[in-house]
Structures are given as C-alpha cells and as structure tokens.
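Structure record follows, encoded as structure tokens.
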Amino acid sequence: MGFTGYENKDAGSWSTAKDTYNSFGNNRGKSAFFNDRGNSSRGRFEHGGFGGGGGNSRWVEEPRDDGDWSKPTPRNERLEHELFSGSNTGINFEKYDDIPVEATGQNCPRHIESFQDVDMGEIVMGNIALSRYTRPTPVQKYAIPIVKSKRDLMACAQTGSGKTAAFLLPILSQIYTDGPGEALNAAKASGQVSNGKYGRRKQYPISLVLAPTRELALQIYDEARKFSYRSRVRPCVVYGGADIGQQIRDLERGCHLLVATPGRLVDMMERGKIGLDHCKYLVLDEADRMLDMGFEPQIRRIVEQDTMPHKGVRQTMMFSATFPKEIQILARDFLEEYIFLAVGRVGSTSENITQKVVWVEESDKRSFLLDLLSATGKDSLTLVFVETKKGADALEDFLYREGYACTSIHGDRSQRDREEALNQFRSGKCPILVATAVAARGLDISNVKHVINFDLPSDIEEYVHRIGRTGRVGNLGLATSFFNDKNGNITKDLLDILVEAKQEVPSWLESLAYEHQHKSSNRGRSKRFSGGFGARDYRQTAAGGNTGGFGGRGGRNQTGHGGTRGFGGGGFGNFYTSDGYGGNYSHSQVDWWGN
C-alpha cells in the first residue's frame, strides 16, 4: 500500500537494496545478513489455498519464540525475493509537500522527517531499506512517533496516504523490542504452548488489526509479512469467504500479529482458536467503513465483551477517512487520552483528483460510457462503479460484447474469482474493472487513472471513498460521475465537495442545489425540455449541444458534449490542466467536453 517512495526505481538493482540493508546492520557486515548459510531459517514452501493470504505459492516461516527478538534471524533468499523484488510504491512526493497535517492532544510527540529520526530497531530499518522506501508520508511522519510513544491514536487521513505502514512499523518495532513478554509466558503456563513454540490449540496474538473487507485484510497482511521478515513474529490473516479449515491450520503454526475481518474473528474466537487475553496492540482500520457495513456489534464484542485487555492497558489505534458522530463515539469508548491526527481535510477529496459531474439520463449511460472509454484509451486502468451486483454483471457483459477487456467484482463472486479479477485489473490484462461498493474502500490499486461513477452512491462519504481509488499517494487522477434525477439527495453535499476541492462546478448543479435547499417541496420536477442529451440544457453546460455529437439539437448551450466542435476535438487532452476531454476551454464558458 502507499508507504514511501524509493530512489532510482527504474534503475535500482536488487544488489543495491541488499547493500543498503547492510548499512542498518550495526556493523554486522554483509556476511551476517546475506551469507549462504542464512538460508537455514525454518519453514516450507506452501502451494495454493486462500487461508494464508492468496492463491499463489509462498514461503511460510515457522515461528521462532526463542532467542533475542530484537535481532534478525538468518536470511532466507527465496522469501526475501518473494517479498521485496519489484517493490514499487508509486508515490509522488512532490505532491505531498502541501498536504496539511494537524495533531491535537496533550503532550503530542514531535513528528519525524525521516525514518532515521526515530529508533525502530535493526529489523524494521533493514526491511525499510529492502522495500526501497526513502522517507515517510505525512501520516507516517506523525503517527510513527505517536505510536512509538505508546499513545492511543485517532487518525483521519485520505485513502492512499500510507496509513498501513504508519501503524505496522511502530507496532512491530515495539514487539521486536519487548519480545513475546507476558503473552507467551502466560500461554506456556496455561499449557497452550510447549518448548517455546505455539501449540495446536488457542493462539494469543500480541497485536490485532481489524479491517472491513477481505481485500484490505489481505493487503495489510502482505505488508506485515514484509516488515516481519527476518523476525520471530509470525503474521496471520483470517477472513470470511475462504476455507476456515485452512485458516485454522495456518493459525496453529503460530500467530503473533493477526489481521482479521470482524465476522471471521468472532467465529474463530467461538471455536476456541483465538484468545485476545494478551493483545497489547489493537488497530481498527477503515473504522467508518466497518460501521457502514454493520460490524459495530461484532467490533464491540471483540473489544469490550471478551477477554481483550481494557483501554489504557492495551494500546489502540483507529484509522478512518471520515469522522462522523458514530466514529467519535467509538473513539471515546475505545481510546484513552488519545491524540487526534488529521491529514488533509477530514472527509474531503484530494485536490489531485480532477472531478467532473455530467448530466446523463439512465437510458443514455451505456452510450456515454463507451465514448468515455474510447477517449481514455484501452491501456489506462479505469474503475467503473455501479450500485448493484446484477448491474455489475450486466455492464461487464455489455462491455465485453463491445470489445473491451474487462472484469467485475462484487459480493456474490467467490473469493477466488474476486482475487483473480483484481489480479487481472492490476496487471492491465483487463484494464476496466466494474465494481460495486465492496471495492470502494481499502483496495490499494496503483495507477488507476480514471474512476467513473456509472451509478452515483446515495451518500457523500461513499462518493469520497470511491473516487479515492484514483489520485492516490500524490499522483493525479480523474473522476467522472453520471448525474440525473435519481441523485437529487446528494446534490448539496456533492456541490460542497466540488467547491472545497476547487473543482469546476456545473451551473446546473448549483441551480439544483438551490432548488433542493429552498424548494424542498418541489422535488418531483417535471421534464423540462426534450431532445437527446440536450434534454436538461436549461442548465448552461449540460451534456448535449447545439449541433452534432450525442445530443443533437434541443440544448441551449453552444459547445456542450457533442457540441459545435464535438467530443474530443483536440484529442483526449491533458486530464489535469485546464484542458478537458480533448478540449482547450474546459474551465471557461464552454463545457468540459467542448473544444
């Protein structure tokens, strides 16, 4: 996920990363870190299955609870290559310079400017170097010293800000420093472990990370594997929709850091496979999304009603893109004298995203989408959001028949199918992904150039998270939303978002917002005009123009979509300057489609 950038990412060699790793070796030398004998770390090569974090083969290390936890274990060349080869975060640091960060709370630790400004130990620093990360993102600059100071944290940050590393790095650093401590000793005394190794019954993780979706849980787990490399910490992941037997077998080999979705974790606890008696670190990631999905009862049972240590005893971190009243209540109940961290404007969208809102009737959406995709180009990753599972399947079939390589993801697809769809999308094999809201939050897909809201959501927070799939970690992106009479309830909030993010606001949207605010009784408006896409052209820049293009006649505007000089008259143009889709005047009097 978004962590930090790395230098010379196109030319950097694997051997250079190894040499950099050695610089953190406290004079242990290259032979200590990268000698041939280092391949003796215990483990096995596991094939297939979804219980351990995906369908691909991977190396699984056995837990090592003996010895000094702060010192790296022997190197494993195969695992090292699997975890770190091809690391590319894709972060644009130049765009991070202007992101405002505000930390409030008593005795807030000073933020850092580099990873070397705080002591995170030999293992963490070595893995940071292997990952080719050069400097922390804004949320990491502030969160890492806060967590290292053993303070509770409530962090609001725009998606794609690098928050996964912001909590994993300091938590693992503390675990390496403190060792298994009382958790392992108590487990030994209760007969759950023997000879320093976790046994085949209940596991007592030292750290628990809760995530709302399977995809986000897997992403966090993958990053935890990177930062726990050459340590005695063994991360595990459990989530619904996968073989629980395989996940139990994976847990039985040892679990110190557990990433879980709430429902599957409750199931594991009821089966007696996981105990939270000795959990020292609790993280709730995408907390607002977990509440939206109805997980509050499970979360409260996990945190409050079972054997989890009380707040003030454990250290708790909550991360959320928004801070509504429900999240404030959760923070009050779960956190102790916490520090509030706001990265960017809470609940807003990134200015790196160019947002366009166009009026499109329901019957015209597919035709409009085809022209958008044609202008975008077939190689750019495009994420298309629809409201229903049936709609996702239907739109995928339609695009396939039109000759587009596409795939879809929604709640009714199996875990294997969902992972395969995401892999095809990430790799560019299927550069168009049709998705329901299940993919709206948490997914870290680099290089998404365009997000299209084929169906707008009913609330503004969902809109913010959807378009946050592009414009990530300092890069630029484009978001286009289809708007019509069905979306009246989001009008005012959408207008506010566009204004706050300094985006161009269609005059018809301003008129609608005014109508909804001052004439709420007049919600059932009649059709005003007629004529193709120009049907709503009493709004000055609606899609549909005077001549040619989609709309034909029927609109008042001179150069709307398909207007005088038509769709993309000058090529697709520059997404992110004043040019629209092939237009040179997208921010002037004419519509953004015009030229």
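Residue numbers start at 1 in each chain; chains themselves are named A, B, ... in the order of the structure tokens; ligands are numbered from 1 in the order shown.
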Please list as number ranges by chain every residue within 6 Å of range 452-456 of chain A, counting only C-alpha atoms and excluding residues in the same chain fewer than 4 positions away. A: 384-387, 479-482
Test item: residues at most 12 Å from Phe340 in chain A, only C-alpha atoms, excluding those fewer than 3 positions along its chain, as a VMD selection string: chain A and resid 101 to 108 139 142 to 143 146 151 to 157 317 to 320 323 328 331 to 332 335 to 337 343 346
Could you write out that same residue set with C-alpha atoms as a short mmCIF file (atom, residue, chain, number, x, y, z; two decimals), in the first residue's frame?
data_model
loop_
_atom_site.label_atom_id
_atom_site.label_comp_id
_atom_site.auth_asym_id
_atom_site.auth_seq_id
_atom_site.Cartn_x
_atom_site.Cartn_y
_atom_site.Cartn_z
CA VAL A 101 -1.33 17.86 8.95
CA GLU A 102 -2.72 18.74 12.36
CA ALA A 103 -2.12 16.82 15.59
CA THR A 104 -4.14 17.72 18.69
CA GLY A 105 -3.90 16.27 22.18
CA GLN A 106 -1.85 16.63 25.31
CA ASN A 107 1.92 16.13 25.09
CA CYS A 108 1.90 15.18 21.43
CA VAL A 139 0.59 10.39 8.12
CA TYR A 142 3.20 11.98 12.74
CA ALA A 143 1.74 8.57 13.54
CA ILE A 146 2.88 8.81 18.45
CA ARG A 151 -0.13 6.79 22.95
CA ASP A 152 -3.57 5.94 21.62
CA LEU A 153 -4.30 7.44 18.21
CA MET A 154 -7.34 8.52 16.22
CA ALA A 155 -6.16 9.32 12.70
CA CYS A 156 -8.27 10.76 9.89
CA ALA A 157 -6.46 10.57 6.58
CA MET A 317 -5.20 2.99 17.08
CA MET A 318 -8.18 3.90 14.90
CA PHE A 319 -7.91 5.00 11.27
CA SER A 320 -10.78 6.48 9.32
CA PHE A 323 -15.01 11.44 11.45
CA GLN A 328 -16.44 9.88 17.59
CA ALA A 331 -13.17 6.65 19.71
CA ARG A 332 -14.50 7.78 23.08
CA LEU A 335 -9.36 5.09 23.20
CA GLU A 336 -7.65 6.52 26.28
CA GLU A 337 -6.38 10.13 26.21
CA VAL A 343 -4.06 14.59 7.46
CA VAL A 346 -11.16 15.37 7.10
#
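Atom pair CA of Pro309 in chain A / CA of Lys163 in chain A has a distance of 24.2 Å (rounded to one decimal).
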Excluding range 220-222 of chain A and its own-chain neighbours fewer than 3 positions away, which residues fall within 10 Å of it when counting only C-alpha atoms? Please give them as a CSV table (one decimal) with N, CA, C and O atoms, in the first residue's frame.
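Listed below is the output, selection_35.csv:
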chain,number,residue,atom,x,y,z
A,1,MET,N,0.8,-1.2,0.0
A,1,MET,CA,0.0,0.0,0.0
A,1,MET,C,0.9,1.2,0.0
A,1,MET,O,2.1,1.2,0.0
A,52,GLY,N,-4.0,-18.6,3.7
A,52,GLY,CA,-2.8,-17.9,4.1
A,52,GLY,C,-2.5,-16.7,3.3
A,52,GLY,O,-1.4,-16.2,3.3
A,53,GLY,N,-3.5,-16.1,2.7
A,53,GLY,CA,-3.3,-14.8,2.1
A,53,GLY,C,-3.3,-14.8,0.6
A,53,GLY,O,-2.7,-13.9,0.0
A,54,GLY,N,-3.9,-15.7,-0.1
A,54,GLY,CA,-3.9,-15.7,-1.5
A,54,GLY,C,-3.8,-17.0,-2.2
A,54,GLY,O,-3.4,-18.0,-1.5
A,83,LEU,N,9.2,-11.4,-1.3
A,83,LEU,CA,8.6,-10.2,-0.6
A,83,LEU,C,9.0,-8.9,-1.2
A,83,LEU,O,8.2,-8.0,-1.2
A,164,THR,N,-1.1,2.2,6.4
A,164,THR,CA,-0.8,0.8,6.8
A,164,THR,C,0.6,0.8,7.5
A,164,THR,O,0.8,0.2,8.6
A,165,ALA,N,1.6,1.4,6.8
A,165,ALA,CA,2.9,1.4,7.4
A,165,ALA,C,3.0,2.3,8.6
A,165,ALA,O,3.8,2.1,9.5
A,168,LEU,N,1.9,-0.3,11.2
A,168,LEU,CA,2.7,-1.6,11.3
A,168,LEU,C,4.1,-1.4,11.7
A,168,LEU,O,4.7,-2.1,12.5
A,209,VAL,N,-5.2,-6.5,14.1
A,209,VAL,CA,-5.7,-5.5,13.2
A,209,VAL,C,-7.0,-5.9,12.6
A,209,VAL,O,-7.1,-6.9,12.0
A,210,LEU,N,-8.0,-5.1,12.8
A,210,LEU,CA,-9.4,-5.3,12.3
A,210,LEU,C,-9.5,-4.5,11.0
A,210,LEU,O,-9.2,-3.3,11.0
A,211,ALA,N,-10.1,-5.2,10.0
A,211,ALA,CA,-10.3,-4.5,8.7
A,211,ALA,C,-11.7,-4.9,8.2
A,211,ALA,O,-12.2,-6.0,8.5
A,215,GLU,N,-10.3,-8.0,1.0
A,215,GLU,CA,-9.2,-7.4,0.2
A,215,GLU,C,-8.3,-6.6,1.1
A,215,GLU,O,-7.0,-6.7,0.9
A,216,LEU,N,-8.8,-5.7,1.9
A,216,LEU,CA,-8.0,-4.9,2.7
A,216,LEU,C,-7.2,-5.7,3.7
A,216,LEU,O,-6.0,-5.5,4.0
A,217,ALA,N,-7.9,-6.7,4.3
A,217,ALA,CA,-7.2,-7.6,5.3
A,217,ALA,C,-6.0,-8.3,4.6
A,217,ALA,O,-4.9,-8.4,5.2
A,225,ARG,N,3.9,-9.1,6.4
A,225,ARG,CA,4.9,-10.1,6.1
A,225,ARG,C,6.2,-9.5,5.7
A,225,ARG,O,7.3,-9.9,6.1
A,226,LYS,N,6.2,-8.3,4.9
A,226,LYS,CA,7.4,-7.6,4.6
A,226,LYS,C,8.1,-7.1,5.8
A,226,LYS,O,9.3,-7.3,6.0
A,227,PHE,N,7.4,-6.5,6.7
A,227,PHE,CA,8.1,-5.8,7.8
A,227,PHE,C,8.4,-6.8,9.0
A,227,PHE,O,9.0,-6.4,9.9
A,235,PRO,N,3.0,-13.3,11.2
A,235,PRO,CA,1.6,-12.7,11.0
A,235,PRO,C,0.7,-13.7,10.4
A,235,PRO,O,1.2,-14.7,9.7
A,236,CYS,N,-0.6,-13.6,10.6
A,236,CYS,CA,-1.6,-14.4,10.0
A,236,CYS,C,-2.8,-13.6,9.6
A,236,CYS,O,-2.9,-12.5,10.1
A,237,VAL,N,-3.6,-14.1,8.8
A,237,VAL,CA,-4.8,-13.4,8.3
A,237,VAL,C,-6.0,-14.4,8.3
A,237,VAL,O,-5.9,-15.5,7.9
A,238,VAL,N,-7.2,-13.9,8.8
A,238,VAL,CA,-8.4,-14.7,8.7
A,238,VAL,C,-9.5,-13.8,8.2
A,238,VAL,O,-9.6,-12.6,8.6
A,257,LEU,N,0.9,-11.6,15.2
A,257,LEU,CA,0.2,-10.5,14.6
A,257,LEU,C,-0.9,-11.0,13.8
A,257,LEU,O,-0.7,-11.7,12.8
A,258,LEU,N,-2.2,-10.7,14.1
A,258,LEU,CA,-3.3,-11.2,13.4
A,258,LEU,C,-4.1,-10.1,12.7
A,258,LEU,O,-4.4,-9.1,13.3
A,259,VAL,N,-4.3,-10.3,11.4
A,259,VAL,CA,-5.2,-9.4,10.6
A,259,VAL,C,-6.5,-10.1,10.4
A,259,VAL,O,-6.5,-11.3,10.0
A,260,ALA,N,-7.6,-9.5,10.7
A,260,ALA,CA,-8.9,-10.2,10.6
A,260,ALA,C,-10.0,-9.3,10.2
A,260,ALA,O,-10.0,-8.1,10.5
A,285,ASP,N,-8.8,-0.4,11.3
A,285,ASP,CA,-8.5,0.3,10.0
A,285,ASP,C,-9.8,0.4,9.3
A,285,ASP,O,-10.7,-0.5,9.3
A,442,GLY,N,-10.4,0.8,0.9
A,442,GLY,CA,-9.3,-0.1,1.3
A,442,GLY,C,-8.4,-0.7,0.2
A,442,GLY,O,-7.3,-0.9,0.5
Mind listing the strand (DSSP E or B) residues of range 126-190 of chain A, per DSSP on the backbone, as an MDAnalysis selection string? chainID A and resid 153:157
Could the residues in this selection be written to a file with all heavy atoms, as an mmCIF file, in the first residue's frame?
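New file selection-v8.cif:
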data_model
loop_
_atom_site.group_PDB
_atom_site.id
_atom_site.type_symbol
_atom_site.label_atom_id
_atom_site.label_comp_id
_atom_site.auth_asym_id
_atom_site.auth_seq_id
_atom_site.Cartn_x
_atom_site.Cartn_y
_atom_site.Cartn_z
ATOM 1 N N LEU A 153 -4.257 6.560 19.383
ATOM 2 C CA LEU A 153 -4.297 7.440 18.212
ATOM 3 C C LEU A 153 -5.620 7.309 17.485
ATOM 4 O O LEU A 153 -6.110 6.203 17.246
ATOM 5 C CB LEU A 153 -3.150 7.077 17.259
ATOM 6 C CG LEU A 153 -3.120 7.773 15.895
ATOM 7 C CD1 LEU A 153 -2.880 9.263 16.060
ATOM 8 C CD2 LEU A 153 -2.044 7.149 14.998
ATOM 9 N N MET A 154 -6.200 8.461 17.140
ATOM 10 C CA MET A 154 -7.336 8.517 16.223
ATOM 11 C C MET A 154 -6.877 9.318 15.017
ATOM 12 O O MET A 154 -6.615 10.518 15.128
ATOM 13 C CB MET A 154 -8.536 9.204 16.894
ATOM 14 C CG MET A 154 -9.733 9.441 15.981
ATOM 15 S SD MET A 154 -10.577 7.929 15.457
ATOM 16 C CE MET A 154 -10.478 8.081 13.674
ATOM 17 N N ALA A 155 -6.720 8.666 13.877
ATOM 18 C CA ALA A 155 -6.162 9.324 12.702
ATOM 19 C C ALA A 155 -7.193 9.382 11.586
ATOM 20 O O ALA A 155 -7.771 8.360 11.218
ATOM 21 C CB ALA A 155 -4.910 8.594 12.221
ATOM 22 N N CYS A 156 -7.426 10.569 11.064
ATOM 23 C CA CYS A 156 -8.275 10.762 9.893
ATOM 24 C C CYS A 156 -7.374 11.150 8.732
ATOM 25 O O CYS A 156 -6.693 12.185 8.796
ATOM 26 C CB CYS A 156 -9.316 11.843 10.132
ATOM 27 S SG CYS A 156 -10.718 11.274 11.117
ATOM 28 N N ALA A 157 -7.334 10.324 7.726
ATOM 29 C CA ALA A 157 -6.458 10.567 6.578
ATOM 30 C C ALA A 157 -7.146 10.111 5.315
ATOM 31 O O ALA A 157 -7.879 9.119 5.323
ATOM 32 C CB ALA A 157 -5.133 9.826 6.756
#
For CA of Gly471 in chain A and CA of Pro262 in chain A, determine how far apart the two atoms are, in Å to one decimal place. 29.1 Å
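Near Lys429 in chain A, within 8 Å and counting only C-alpha atoms, sit A:Ala405, A:Gln424, A:Phe425, not including residues fewer than 4 positions from it in the same chain.
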Residues from the last selection, all heavy atoms, saved as a compact mmCIF listing (two decimals), in the first residue's frame:
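So again.txt came out as:
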# COMPACT_ATOMS: atom_id res chain seq x y z
N ALA A 405 -11.70 -5.37 -22.90
CA ALA A 405 -11.21 -6.35 -21.93
C ALA A 405 -11.56 -5.84 -20.54
O ALA A 405 -11.03 -4.83 -20.08
CB ALA A 405 -9.70 -6.52 -22.06
N GLN A 424 -6.11 -9.49 -12.55
CA GLN A 424 -6.21 -9.15 -13.96
C GLN A 424 -6.26 -7.63 -14.16
O GLN A 424 -5.69 -7.10 -15.11
CB GLN A 424 -7.46 -9.80 -14.57
CG GLN A 424 -7.36 -11.30 -14.73
CD GLN A 424 -8.61 -11.89 -15.34
OE1 GLN A 424 -9.70 -11.32 -15.25
NE2 GLN A 424 -8.47 -13.03 -15.98
N PHE A 425 -6.94 -6.95 -13.24
CA PHE A 425 -7.03 -5.49 -13.33
C PHE A 425 -5.69 -4.84 -13.03
O PHE A 425 -5.21 -3.98 -13.78
CB PHE A 425 -8.10 -4.99 -12.37
CG PHE A 425 -8.33 -3.51 -12.41
CD1 PHE A 425 -8.69 -2.88 -13.60
CD2 PHE A 425 -8.20 -2.73 -11.27
CE1 PHE A 425 -8.92 -1.50 -13.65
CE2 PHE A 425 -8.42 -1.37 -11.30
CZ PHE A 425 -8.78 -0.75 -12.49
Test item, helix (DSSP H, G or I) assignment across range 355-523 of chain A, answer as a VMD selection string: chain A and resid 362 to 376 389 to 401 415 to 427 437 to 439 460 to 467 472 to 474 485 to 500 507 to 518 520 to 522
Can you pull out the residues contacting range 301-305 of chain A? Cut-off 10 Å, using only C-alpha atoms, and skip same-chain residues under 2 positions away; I want them as a tab-separated table (two decimals) with N, CA, C and O atoms, in the first residue's frame.
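Output (out33.tsv):
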chain	number	residue	atom	x	y	z
A	210	LEU	N	-8.03	-5.07	12.82
A	210	LEU	CA	-9.35	-5.34	12.26
A	210	LEU	C	-9.54	-4.52	10.99
A	210	LEU	O	-9.22	-3.32	10.96
A	262	PRO	N	-14.06	-8.68	11.08
A	262	PRO	CA	-14.74	-8.92	12.37
A	262	PRO	C	-15.54	-10.22	12.43
A	262	PRO	O	-15.47	-10.94	13.43
A	263	GLY	N	-16.30	-10.54	11.38
A	263	GLY	CA	-17.13	-11.73	11.43
A	263	GLY	C	-16.34	-13.01	11.57
A	263	GLY	O	-16.67	-13.87	12.40
A	265	LEU	N	-13.29	-13.31	12.72
A	265	LEU	CA	-12.61	-13.34	14.01
A	265	LEU	C	-13.53	-13.83	15.12
A	265	LEU	O	-13.13	-14.65	15.96
A	266	VAL	N	-14.77	-13.35	15.14
A	266	VAL	CA	-15.73	-13.82	16.14
A	266	VAL	C	-15.93	-15.33	16.01
A	266	VAL	O	-15.99	-16.06	17.01
A	269	MET	N	-12.97	-17.08	17.51
A	269	MET	CA	-13.00	-17.00	18.98
A	269	MET	C	-14.01	-17.97	19.56
A	269	MET	O	-13.75	-18.62	20.57
A	276	LEU	N	-7.79	-13.27	23.01
A	276	LEU	CA	-7.27	-11.91	22.99
A	276	LEU	C	-6.78	-11.45	24.37
A	276	LEU	O	-6.59	-10.27	24.61
A	282	LEU	N	-4.06	-2.90	19.41
A	282	LEU	CA	-5.30	-3.07	18.67
A	282	LEU	C	-5.41	-1.96	17.63
A	282	LEU	O	-5.25	-0.78	17.96
A	296	GLU	N	-20.56	-3.03	13.83
A	296	GLU	CA	-20.39	-2.49	15.18
A	296	GLU	C	-20.66	-3.53	16.28
A	296	GLU	O	-19.88	-3.60	17.26
A	297	PRO	N	-21.71	-4.36	16.19
A	297	PRO	CA	-21.90	-5.36	17.25
A	297	PRO	C	-20.71	-6.30	17.40
A	297	PRO	O	-20.28	-6.60	18.53
A	298	GLN	N	-20.17	-6.78	16.28
A	298	GLN	CA	-19.02	-7.68	16.35
A	298	GLN	C	-17.80	-6.96	16.91
A	298	GLN	O	-17.04	-7.52	17.72
A	299	ILE	N	-17.59	-5.72	16.48
A	299	ILE	CA	-16.43	-4.96	16.97
A	299	ILE	C	-16.54	-4.76	18.47
A	299	ILE	O	-15.55	-4.94	19.21
A	307	THR	N	-12.16	-11.18	26.31
A	307	THR	CA	-11.02	-11.10	27.23
A	307	THR	C	-9.99	-10.06	26.83
A	307	THR	O	-8.90	-10.02	27.40
A	308	MET	N	-10.29	-9.24	25.85
A	308	MET	CA	-9.38	-8.18	25.42
A	308	MET	C	-9.00	-7.28	26.60
A	308	MET	O	-9.86	-6.84	27.35
A	309	PRO	N	-7.72	-6.98	26.81
A	309	PRO	CA	-7.33	-6.02	27.86
A	309	PRO	C	-8.05	-4.69	27.67
A	309	PRO	O	-8.35	-4.27	26.55
A	310	HIS	N	-8.33	-4.01	28.76
A	310	HIS	CA	-9.08	-2.76	28.72
A	310	HIS	C	-8.25	-1.64	28.10
A	310	HIS	O	-7.02	-1.72	28.02
A	311	LYS	N	-8.96	-0.59	27.65
A	311	LYS	CA	-8.25	0.58	27.14
A	311	LYS	C	-7.40	1.16	28.26
A	311	LYS	O	-7.77	1.12	29.43
A	333	ASP	N	-15.16	5.46	23.35
A	333	ASP	CA	-15.31	4.20	24.09
A	333	ASP	C	-14.05	3.35	24.05
A	333	ASP	O	-13.79	2.58	24.98
A	334	PHE	N	-13.26	3.43	22.97
A	334	PHE	CA	-12.15	2.51	22.80
A	334	PHE	C	-10.78	3.11	23.11
A	334	PHE	O	-9.82	2.37	23.35
Which one of A:Leu422, A:Ile327, A:Val360, A:Ala321 sits closest to Val464 in chain A if you count only C-alpha atoms? A:Ala321
